[in-house]
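Raw contents of upload_0.csv, CSV, C-alpha atoms:
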```
chain,number,residue,atom,x,y,z
A,21,MET,CA,5.2,-6.8,-26.5
A,22,GLU,CA,5.3,-4.1,-23.8
A,23,LYS,CA,1.8,-2.9,-24.6
A,24,LYS,CA,0.4,-6.4,-24.3
A,25,LEU,CA,2.3,-7.0,-21.1
A,26,ILE,CA,0.9,-3.7,-19.6
A,27,LEU,CA,-2.6,-4.7,-20.7
A,28,ARG,CA,-2.3,-8.0,-18.9
A,29,GLY,CA,-0.9,-6.2,-15.8
A,30,LEU,CA,-3.9,-3.9,-15.8
A,31,LEU,CA,-6.2,-6.9,-16.0
A,32,ALA,CA,-4.5,-8.9,-13.4
A,33,GLY,CA,-4.4,-5.9,-11.1
A,34,ALA,CA,-8.1,-5.2,-11.5
A,35,VAL,CA,-8.9,-8.8,-10.7
A,36,ALA,CA,-6.6,-8.6,-7.6
A,37,GLY,CA,-8.3,-5.4,-6.6
A,38,LEU,CA,-11.7,-7.0,-6.9
A,39,ALA,CA,-10.6,-9.9,-4.7
A,40,ALA,CA,-9.2,-7.5,-2.1
A,41,PHE,CA,-12.5,-5.4,-2.2
A,42,VAL,CA,-14.6,-8.5,-1.6
A,43,PHE,CA,-12.4,-9.3,1.4
A,44,ALA,CA,-12.6,-5.7,2.6
A,45,ARG,CA,-16.3,-5.5,2.3
A,46,ILE,CA,-16.8,-8.7,4.4
A,47,PHE,CA,-14.1,-8.3,7.0
A,48,ALA,CA,-13.0,-4.6,7.2
A,49,GLU,CA,-16.3,-2.7,6.7
A,50,PRO,CA,-17.9,-3.7,10.1
A,51,LEU,CA,-14.7,-2.6,11.8
A,52,ILE,CA,-14.6,0.7,9.9
A,53,GLY,CA,-18.3,1.3,10.7
A,54,ARG,CA,-17.6,0.8,14.4
A,55,ALA,CA,-14.6,3.1,14.3
A,56,VAL,CA,-16.7,5.8,12.7
A,57,ASP,CA,-19.3,5.4,15.4
A,58,TYR,CA,-16.6,5.6,18.1
A,59,GLU,CA,-15.3,8.8,16.5
A,60,SER,CA,-18.6,10.5,16.6
A,61,ALA,CA,-19.5,9.3,20.1
A,62,ARG,CA,-16.1,10.6,21.2
A,63,ASP,CA,-16.6,13.9,19.5
A,64,THR,CA,-19.9,14.3,21.4
A,65,ALA,CA,-18.2,13.4,24.7
A,66,GLN,CA,-15.4,15.9,24.0
A,67,ALA,CA,-18.0,18.6,23.1
A,68,ALA,CA,-19.7,18.0,26.5
A,69,LEU,CA,-16.4,18.2,28.3
A,70,ASP,CA,-15.5,21.4,26.4
A,71,GLN,CA,-18.8,22.9,27.3
A,72,ALA,CA,-18.4,22.0,31.0
A,73,ALA,CA,-15.0,23.6,31.0
A,74,GLY,CA,-16.2,26.7,29.2
A,75,THR,CA,-13.7,26.2,26.2
A,76,PRO,CA,-15.0,26.8,22.7
A,77,VAL,CA,-16.6,23.7,21.1
A,78,SER,CA,-15.2,22.7,17.7
A,79,GLY,CA,-17.7,22.1,15.0
A,80,GLY,CA,-18.3,18.7,13.4
A,81,GLU,CA,-17.5,17.8,9.8
A,82,HIS,CA,-20.3,17.8,7.3
A,83,GLU,CA,-20.9,14.7,5.2
A,84,ILE,CA,-20.4,14.7,1.5
A,85,PHE,CA,-21.0,11.0,0.8
A,86,THR,CA,-23.1,8.7,3.1
A,87,ARG,CA,-21.5,5.9,4.9
A,88,ALA,CA,-23.3,3.4,2.6
A,89,VAL,CA,-21.6,5.0,-0.4
A,90,GLN,CA,-18.2,5.0,1.2
A,91,ALA,CA,-18.5,1.5,2.4
A,92,ASN,CA,-19.6,0.0,-0.9
A,93,ALA,CA,-18.9,2.1,-4.0
A,94,GLY,CA,-16.1,4.1,-2.5
A,95,ILE,CA,-14.0,1.3,-1.1
A,96,GLY,CA,-14.8,-0.8,-4.2
A,97,LEU,CA,-13.6,1.8,-6.7
A,98,GLY,CA,-10.6,2.7,-4.6
A,99,MET,CA,-9.3,-0.9,-4.3
A,100,ILE,CA,-10.0,-1.9,-7.9
A,101,VAL,CA,-8.5,1.2,-9.4
A,102,LEU,CA,-5.5,1.0,-7.1
A,103,GLY,CA,-5.1,-2.7,-8.0
A,104,ALA,CA,-5.2,-1.9,-11.7
A,105,ALA,CA,-2.6,0.8,-11.3
A,106,MET,CA,-0.3,-1.5,-9.3
A,107,GLY,CA,-0.9,-4.2,-11.9
A,108,ALA,CA,0.3,-1.9,-14.6
A,109,LEU,CA,3.3,-0.8,-12.6
A,110,THR,CA,4.1,-4.5,-11.8
A,111,ALA,CA,4.0,-5.2,-15.6
A,112,VAL,CA,6.4,-2.3,-16.3
A,113,VAL,CA,8.9,-3.6,-13.7
A,114,TYR,CA,8.3,-7.2,-15.0
A,115,ALA,CA,9.1,-6.1,-18.6
A,116,VAL,CA,12.3,-4.5,-17.5
A,117,CYS,CA,13.3,-7.5,-15.4
A,118,LEU,CA,12.6,-10.1,-18.2
A,119,GLY,CA,15.9,-11.5,-19.4
A,120,ARG,CA,17.9,-9.4,-17.0
A,121,THR,CA,17.5,-11.3,-13.8
A,122,GLY,CA,19.0,-14.7,-14.6
A,123,ARG,CA,17.3,-18.0,-15.3
A,124,ILE,CA,14.0,-17.5,-13.6
A,125,ARG,CA,10.8,-18.9,-15.3
A,126,PRO,CA,8.6,-16.0,-16.5
A,127,ARG,CA,5.8,-17.2,-14.3
A,128,VAL,CA,7.9,-17.2,-11.1
A,129,LEU,CA,9.4,-13.8,-12.0
A,130,ALA,CA,5.9,-12.4,-12.0
A,131,LEU,CA,5.4,-13.7,-8.5
A,132,LEU,CA,8.7,-12.3,-7.4
A,133,VAL,CA,8.0,-8.8,-8.8
A,134,ALA,CA,4.6,-8.8,-7.1
A,135,ALA,CA,6.2,-9.9,-3.8
A,136,GLY,CA,8.6,-7.0,-4.2
A,137,GLY,CA,5.7,-4.6,-4.7
A,138,PHE,CA,4.0,-5.9,-1.6
A,139,ALA,CA,7.1,-5.4,0.5
A,140,GLY,CA,8.1,-2.1,-1.0
A,141,PHE,CA,4.8,-0.4,-1.4
A,142,TYR,CA,3.1,-1.7,1.7
A,143,LEU,CA,4.7,-4.1,4.2
A,144,MET,CA,7.9,-2.2,5.1
A,145,PRO,CA,6.1,1.2,5.4
A,146,PHE,CA,3.4,-0.6,7.5
A,147,LEU,CA,6.0,-1.9,10.0
A,148,LYS,CA,6.9,1.7,10.8
A,149,TYR,CA,3.6,3.5,10.2
A,150,PRO,CA,0.8,0.8,10.4
A,151,ALA,CA,-2.7,1.3,8.8
A,152,ASN,CA,-5.2,3.1,11.1
A,153,PRO,CA,-9.0,2.9,11.2
A,154,PRO,CA,-11.0,6.1,11.2
A,155,SER,CA,-10.7,8.1,14.5
A,156,ILE,CA,-7.0,7.5,14.7
A,157,GLY,CA,-4.9,10.3,13.2
A,158,HIS,CA,-4.9,14.0,14.2
A,159,GLU,CA,-5.9,16.6,11.7
A,160,ASP,CA,-3.0,18.9,12.5
A,161,THR,CA,-0.4,16.3,11.7
A,162,ILE,CA,-1.8,15.0,8.4
A,163,ARG,CA,1.0,16.7,6.3
A,164,ASP,CA,3.8,15.4,8.5
A,165,ARG,CA,2.3,11.9,8.6
A,166,SER,CA,1.8,11.8,4.9
A,167,ASN,CA,5.4,13.0,4.2
A,168,LEU,CA,6.8,10.4,6.6
A,169,TYR,CA,4.7,7.6,5.2
A,170,LEU,CA,5.7,8.5,1.6
A,171,ALA,CA,9.3,8.7,2.7
A,172,MET,CA,9.1,5.2,4.1
A,173,VAL,CA,7.5,4.0,0.8
A,174,GLY,CA,10.2,5.7,-1.3
A,175,CYS,CA,13.1,4.4,0.9
A,176,SER,CA,11.8,0.8,1.0
A,177,ILE,CA,11.4,0.8,-2.8
A,178,VAL,CA,14.8,2.3,-3.5
A,179,LEU,CA,16.5,-0.1,-1.0
A,180,LEU,CA,14.7,-3.0,-2.6
A,181,VAL,CA,16.0,-2.1,-6.1
A,182,LEU,CA,19.5,-1.7,-4.6
A,183,ALA,CA,19.3,-5.1,-2.9
A,184,VAL,CA,18.3,-6.8,-6.1
A,185,TRP,CA,21.1,-5.1,-8.0
A,186,LEU,CA,23.6,-6.0,-5.2
A,187,GLY,CA,22.3,-9.6,-5.2
A,188,ARG,CA,22.9,-9.9,-8.9
A,189,ARG,CA,26.5,-8.6,-8.6
A,190,LEU,CA,27.3,-10.9,-5.6
A,191,ALA,CA,25.8,-13.9,-7.4
A,192,VAL,CA,28.8,-14.1,-9.7
A,193,ARG,CA,31.1,-14.6,-6.8
A,194,TYR,CA,29.1,-16.3,-4.1
A,195,GLY,CA,26.3,-18.2,-6.0
A,196,ASN,CA,22.6,-17.4,-6.0
A,197,TRP,CA,21.8,-18.7,-2.5
A,198,ASN,CA,24.4,-16.9,-0.6
A,199,ALA,CA,24.1,-13.7,-2.7
A,200,THR,CA,20.4,-13.6,-2.0
A,201,LEU,CA,21.0,-14.0,1.7
A,202,LEU,CA,23.7,-11.3,1.7
A,203,ALA,CA,21.5,-8.9,-0.3
A,204,GLY,CA,18.5,-9.7,2.0
A,205,ALA,CA,20.7,-8.9,5.1
A,206,GLY,CA,21.8,-5.7,3.5
A,207,TYR,CA,18.2,-4.7,2.8
A,208,ALA,CA,17.2,-5.5,6.4
A,209,VAL,CA,20.0,-3.3,7.8
A,210,GLY,CA,19.2,-0.5,5.4
A,211,ILE,CA,15.5,-0.4,6.0
A,212,GLY,CA,16.1,-0.8,9.8
A,213,LEU,CA,18.3,2.3,9.8
A,214,VAL,CA,15.6,4.3,8.0
A,215,MET,CA,12.9,3.1,10.5
A,216,TRP,CA,15.2,4.0,13.4
A,217,GLY,CA,15.9,7.4,11.9
A,218,LEU,CA,12.3,8.5,11.2
A,219,PRO,CA,10.2,9.8,14.1
A,220,ASP,CA,7.1,8.0,15.5
A,221,ALA,CA,3.8,9.6,14.6
A,222,GLY,CA,3.1,10.3,18.3
A,223,GLU,CA,6.4,12.1,18.8
A,224,LEU,CA,5.6,14.8,16.2
A,225,ALA,CA,6.0,18.3,17.8
A,226,ALA,CA,2.2,19.1,17.4
A,227,ASN,CA,1.3,15.9,19.3
A,228,VAL,CA,3.8,16.2,22.1
A,229,GLU,CA,2.6,19.7,22.7
A,230,VAL,CA,-1.0,18.6,23.3
A,231,TYR,CA,-0.8,15.0,24.4
A,232,GLY,CA,2.7,14.5,25.8
A,233,HIS,CA,5.0,11.7,24.7
A,234,HIS,CA,3.3,8.7,23.1
A,235,ALA,CA,4.4,6.3,20.3
A,236,THR,CA,1.2,6.7,18.3
A,237,GLU,CA,-1.9,8.9,17.8
A,238,THR,CA,-4.3,6.2,19.1
A,239,PRO,CA,-7.0,8.0,21.1
A,240,LEU,CA,-6.6,7.6,24.9
A,241,PRO,CA,-9.5,7.7,27.3
A,242,LEU,CA,-11.2,11.0,27.9
A,243,GLU,CA,-11.0,12.3,31.4
A,244,ASN,CA,-13.1,15.0,33.0
A,245,ALA,CA,-11.7,17.8,35.2
A,246,ARG,CA,-11.5,15.5,38.2
A,247,GLY,CA,-9.5,12.9,36.3
A,248,THR,CA,-12.4,10.4,36.1
A,249,ILE,CA,-12.5,8.5,32.8
A,250,VAL,CA,-15.7,9.5,31.0
A,251,PHE,CA,-15.1,7.9,27.6
A,252,PRO,CA,-12.9,4.9,26.8
A,253,GLY,CA,-9.8,4.8,24.6
A,254,PHE,CA,-10.0,3.2,21.2
A,255,PRO,CA,-10.9,-0.5,21.5
A,256,ALA,CA,-7.7,-2.5,21.3
A,257,ASP,CA,-9.2,-5.6,19.7
A,258,ASP,CA,-10.8,-3.6,16.8
A,259,LEU,CA,-7.4,-1.9,16.2
A,260,TYR,CA,-5.6,-5.2,16.1
A,261,ARG,CA,-8.1,-6.8,13.7
A,262,PHE,CA,-8.2,-3.8,11.4
A,263,ARG,CA,-4.5,-3.9,11.0
A,264,LEU,CA,-4.4,-7.7,10.6
A,265,TYR,CA,-7.1,-7.5,7.9
A,266,SER,CA,-5.3,-4.6,6.2
A,267,VAL,CA,-2.1,-6.8,5.9
A,268,LEU,CA,-4.2,-9.7,4.6
A,269,ALA,CA,-6.0,-7.6,2.0
A,270,GLN,CA,-2.7,-6.3,0.6
A,271,ALA,CA,-1.2,-9.8,0.6
A,272,LEU,CA,-4.3,-11.0,-1.2
A,273,LEU,CA,-4.1,-8.1,-3.7
A,274,TRP,CA,-0.4,-8.6,-4.6
A,275,GLY,CA,-0.7,-12.4,-4.4
A,276,CYS,CA,-3.6,-12.5,-6.9
A,277,LEU,CA,-1.8,-10.0,-9.1
A,278,GLY,CA,1.3,-12.2,-9.3
A,279,LEU,CA,-0.6,-15.4,-9.7
A,280,VAL,CA,-2.8,-14.0,-12.5
A,281,LEU,CA,-0.1,-12.1,-14.3
A,282,GLY,CA,2.4,-15.0,-14.3
A,283,PRO,CA,0.5,-17.5,-16.5
A,284,LEU,CA,-0.8,-14.7,-18.7
A,285,ALA,CA,2.7,-13.3,-19.3
A,286,GLU,CA,4.2,-16.8,-19.8
A,287,ARG,CA,1.6,-17.7,-22.5
A,288,LEU,CA,2.2,-14.3,-24.2
A,289,LEU,CA,6.0,-14.9,-24.2
A,290,ALA,CA,5.6,-18.4,-25.5
A,291,ARG,CA,3.3,-17.3,-28.3
A,292,ASP,CA,5.0,-14.1,-29.5
A,293,LEU,CA,8.6,-15.2,-29.1
A,294,PRO,CA,8.7,-18.8,-30.5
A,295,ALA,CA,12.0,-18.3,-32.2
A,296,SER,CA,13.9,-17.2,-29.1
A,297,PRO,CA,17.1,-19.2,-28.6
A,298,ARG,CA,16.7,-21.7,-25.8
A,299,PRO,CA,19.5,-23.0,-23.6
A,300,THR,CA,20.1,-26.7,-24.1
B,28,MET,CA,6.6,-35.8,-23.8
B,29,SER,CA,8.8,-33.9,-26.2
B,30,SER,CA,6.2,-31.1,-26.2
B,31,LEU,CA,6.5,-30.9,-22.5
B,32,SER,CA,10.2,-30.3,-22.5
B,33,ALA,CA,9.8,-27.7,-25.2
B,34,SER,CA,7.2,-25.8,-23.1
B,35,PRO,CA,8.0,-22.5,-21.5
B,36,ALA,CA,9.5,-24.3,-18.5
B,37,ILE,CA,12.8,-23.2,-19.9
B,38,PRO,CA,13.5,-19.5,-19.3
B,39,VAL,CA,13.0,-17.3,-22.3
B,40,PRO,CA,15.8,-14.8,-22.6
B,41,VAL,CA,13.8,-11.7,-23.5
B,42,VAL,CA,15.4,-8.3,-23.4
B,43,LEU,CA,13.0,-5.7,-24.8
B,44,SER,CA,14.5,-3.1,-27.0
B,45,ALA,CA,14.7,-0.4,-24.4
B,46,ALA,CA,14.5,2.5,-26.9
B,47,ARG,CA,11.1,1.5,-28.4
B,48,ALA,CA,9.6,0.3,-25.1
B,49,ALA,CA,10.9,3.2,-22.9
B,50,ALA,CA,8.0,5.6,-23.8
B,51,TRP,CA,5.3,3.1,-23.1
B,52,LEU,CA,6.9,1.8,-19.9
B,53,THR,CA,7.7,5.3,-18.5
B,54,GLY,CA,4.2,6.6,-19.4
B,55,THR,CA,2.5,3.7,-17.7
B,56,ALA,CA,4.7,4.0,-14.6
B,57,VAL,CA,3.9,7.8,-14.3
B,58,LEU,CA,0.2,7.2,-14.8
B,59,ALA,CA,0.2,4.4,-12.2
B,60,LEU,CA,1.9,6.6,-9.7
B,61,LEU,CA,-0.6,9.4,-10.4
B,62,VAL,CA,-3.4,7.0,-9.6
B,63,TYR,CA,-1.6,5.9,-6.4
B,64,TYR,CA,-1.3,9.6,-5.5
B,65,PHE,CA,-5.0,10.4,-6.1
B,66,ILE,CA,-6.3,7.3,-4.3
B,67,GLY,CA,-4.0,7.6,-1.4
B,68,VAL,CA,-2.7,11.2,-0.8
B,69,ASP,CA,-4.5,14.0,-2.6
B,70,GLN,CA,-7.0,16.2,-0.7
B,71,GLY,CA,-5.3,15.2,2.5
B,72,ALA,CA,-1.8,16.5,3.1
B,73,TYR,CA,-1.7,17.9,-0.4
B,74,SER,CA,-4.4,19.0,-2.8
B,75,VAL,CA,-4.0,19.7,-6.5
B,76,LEU,CA,-7.7,20.3,-6.7
B,77,GLY,CA,-7.9,23.1,-4.2
B,78,ASN,CA,-10.3,22.8,-1.2
B,79,ASP,CA,-12.5,20.1,-2.8
B,80,THR,CA,-12.7,16.9,-0.8
B,81,HIS,CA,-14.8,14.7,-3.1
B,82,ILE,CA,-12.1,12.1,-4.0
B,83,HIS,CA,-10.9,12.0,-0.4
B,84,GLU,CA,-14.4,11.4,1.0
B,85,PHE,CA,-15.4,8.9,-1.7
B,86,VAL,CA,-12.4,6.6,-1.3
B,87,HIS,CA,-12.2,7.4,2.4
B,88,ASP,CA,-12.5,3.7,3.6
B,89,ALA,CA,-10.1,2.4,0.9
B,90,ARG,CA,-7.6,5.0,2.0
B,91,HIS,CA,-7.7,3.9,5.6
B,92,PHE,CA,-7.7,0.2,4.8
B,93,LEU,CA,-4.8,0.4,2.3
B,94,GLY,CA,-2.6,1.9,4.9
B,95,PHE,CA,-2.4,5.6,3.9
B,96,PRO,CA,-2.4,8.3,6.6
B,97,CYS,CA,-5.8,9.9,6.7
B,98,HIS,CA,-7.4,13.0,8.4
```
Output the file's structure in the form of structure tokens.
Amino acid sequence: MEKKLILRGLLAGAVAGLAAFVFARIFAEPLIGRAVDYESARDTAQAALDQAAGTPVSGGEHEIFTRAVQANAGIGLGMIVLGAAMGALTAVVYAVCLGRTGRIRPRVLALLVAAGGFAGFYLMPFLKYPANPPSIGHEDTIRDRSNLYLAMVGCSIVLLVLAVWLGRRLAVRYGNWNATLLAGAGYAVGIGLVMWGLPDAGELAANVEVYGHHATETPLPLENARGTIVFPGFPADDLYRFRLYSVLAQALLWGCLGLVLGPLAERLLARDLPASPRPT
Amino acid sequence: MSSLSASPAIPVPVVLSAARAAAWLTGTAVLALLVYYFIGVDQGAYSVLGNDTHIHEFVHDARHFLGFPCH
């Protein structure tokens, strides 16, 4: 049973990843391309400023894969493989939850588990550390930013599991509706405290030293020695749309995953467990 | 209509025998998290493959768009 469920999770996840890839190819790639262009133009402007000021010019990165490969095969493989992995993980959690989470239809349970994955793996971490297009993110802080992001992911998942456990316990006393509200409120307070406690990316020591106090690492305008702006900051509309599309793509991924896995799992359960006792 | 009421609309109380399923479930979860790590994190903040950046560069766009910190 568990093997069949995992296989269906893999399949549902790959389909979901494919849908998210198609969305990304159409909506995100033009933005990513513009962000890469902005980054190289900015590097050129920075090099010219450095040369004028007589400071050493830092060398550019060399290209391993062309933009065409990254923008088609790369993002396609990345999203489909990650979708399949998240599908398998969702199936594992689903298998553990089956029969342990009260009277929920198997199909609805699949949607709930996928919704939990969306919130735990992506949405809650995003609220604190949102997705960034190329050219946002300083090389020196990659380790700190990764650790902080993974800490957010870990905390949001652990708190989600605790909230479900708490909700199940409270349901005996307060009923499903009120128990869900109470557990949800507890989750909001818990994740809020974590977000409050973790530092903003812009406030990392390496950033404050070079750029002063800012909430994020979004590139500000470049100024020459006289304080005249010679290169603009990162375009705000592109940043907004990149983040919006990032959320939509993940909602699409986890939504498809739940919608495909639900019926597949329900049919499997009805077929393989016909003799299960049914409540009358 | 009787077939409708006997359809899976009624929750099926399934509790997998934990002992037998545990190996499969744990193994799958570990593999899935490894994939998450290689798509999202490796060859950035951490690198188990040394200085190589082929994975990072190949899935570069996906990494940005999926919300992972990059560069």
Counting all atoms listed in the file, which residues of chain A come no farther than 6 Å from chain B, as a VMD selection string? chain A and resid 90 94 to 95 98 105 109 112 118 to 119 123 125 151 153 159 162 to 163 166 266
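The gap separating CA of Leu180 in chain A from CA of Tyr265 in chain A is 24.6 Å, in Å to one decimal.
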For Met99 in chain A: contacts at 7 Å, all atoms listed in the file, fewer than 3 positions along chain excluded, given as a ChimeraX atom specification: /A:37,40-41,95-96,102-103 /B:89
Export C-alpha atoms of the chosen residues as a compact mmCIF listing (two decimals), in the frame of the given file?
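Done, and the output landed in again11.txt:
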```txt
# COMPACT_ATOMS: atom_id res chain seq x y z
CA GLY A 37 -8.30 -5.40 -6.60
CA ALA A 40 -9.20 -7.50 -2.10
CA PHE A 41 -12.50 -5.40 -2.20
CA ILE A 95 -14.00 1.30 -1.10
CA GLY A 96 -14.80 -0.80 -4.20
CA LEU A 102 -5.50 1.00 -7.10
CA GLY A 103 -5.10 -2.70 -8.00
CA ALA B 89 -10.10 2.40 0.90
```
Using the file's own x, y and z axes, what box holds all listed atoms of range 78-91 of chain B with 5 Å on each side, keeping edges along x, y and z, and what are its centre and edge lengths in Å to one decimal, as lines of an AutoDock Vina configuration file?
```
center_x = -11.5
center_y = 12.6
center_z = 0.8
size_x = 17.8
size_y = 30.4
size_z = 19.6
```
Just give me the gap between CA of Leu281 in chain A and CA of Arg28 in chain A in Å, one decimal is fine. 6.5 Å
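Separating CA of Ile177 in chain A from CA of Leu143 in chain A is a distance of 10.9 Å.
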Using only C-alpha atoms, the best pick from A:Ala65, A:Ile26, A:Ala104, A:Ala91 as closest to Trp274 in chain A would be A:Ala104
Which residues are close to range 221-235 of chain A, i.e. within 9 Å by all atoms listed in the file, leaving aside same-chain residues fewer than 5 positions away? Reply as a ChimeraX atom specification. /A:149,157-158,160-161,164-165,168
Using only C-alpha atoms, find the one residue out of A:Leu179, A:Gly204, A:Met21, A:Pro255 that sits nearest to Val116 in chain A.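 Residue with the minimum atom-to-atom distance to Val116 in chain A: A:Met21.
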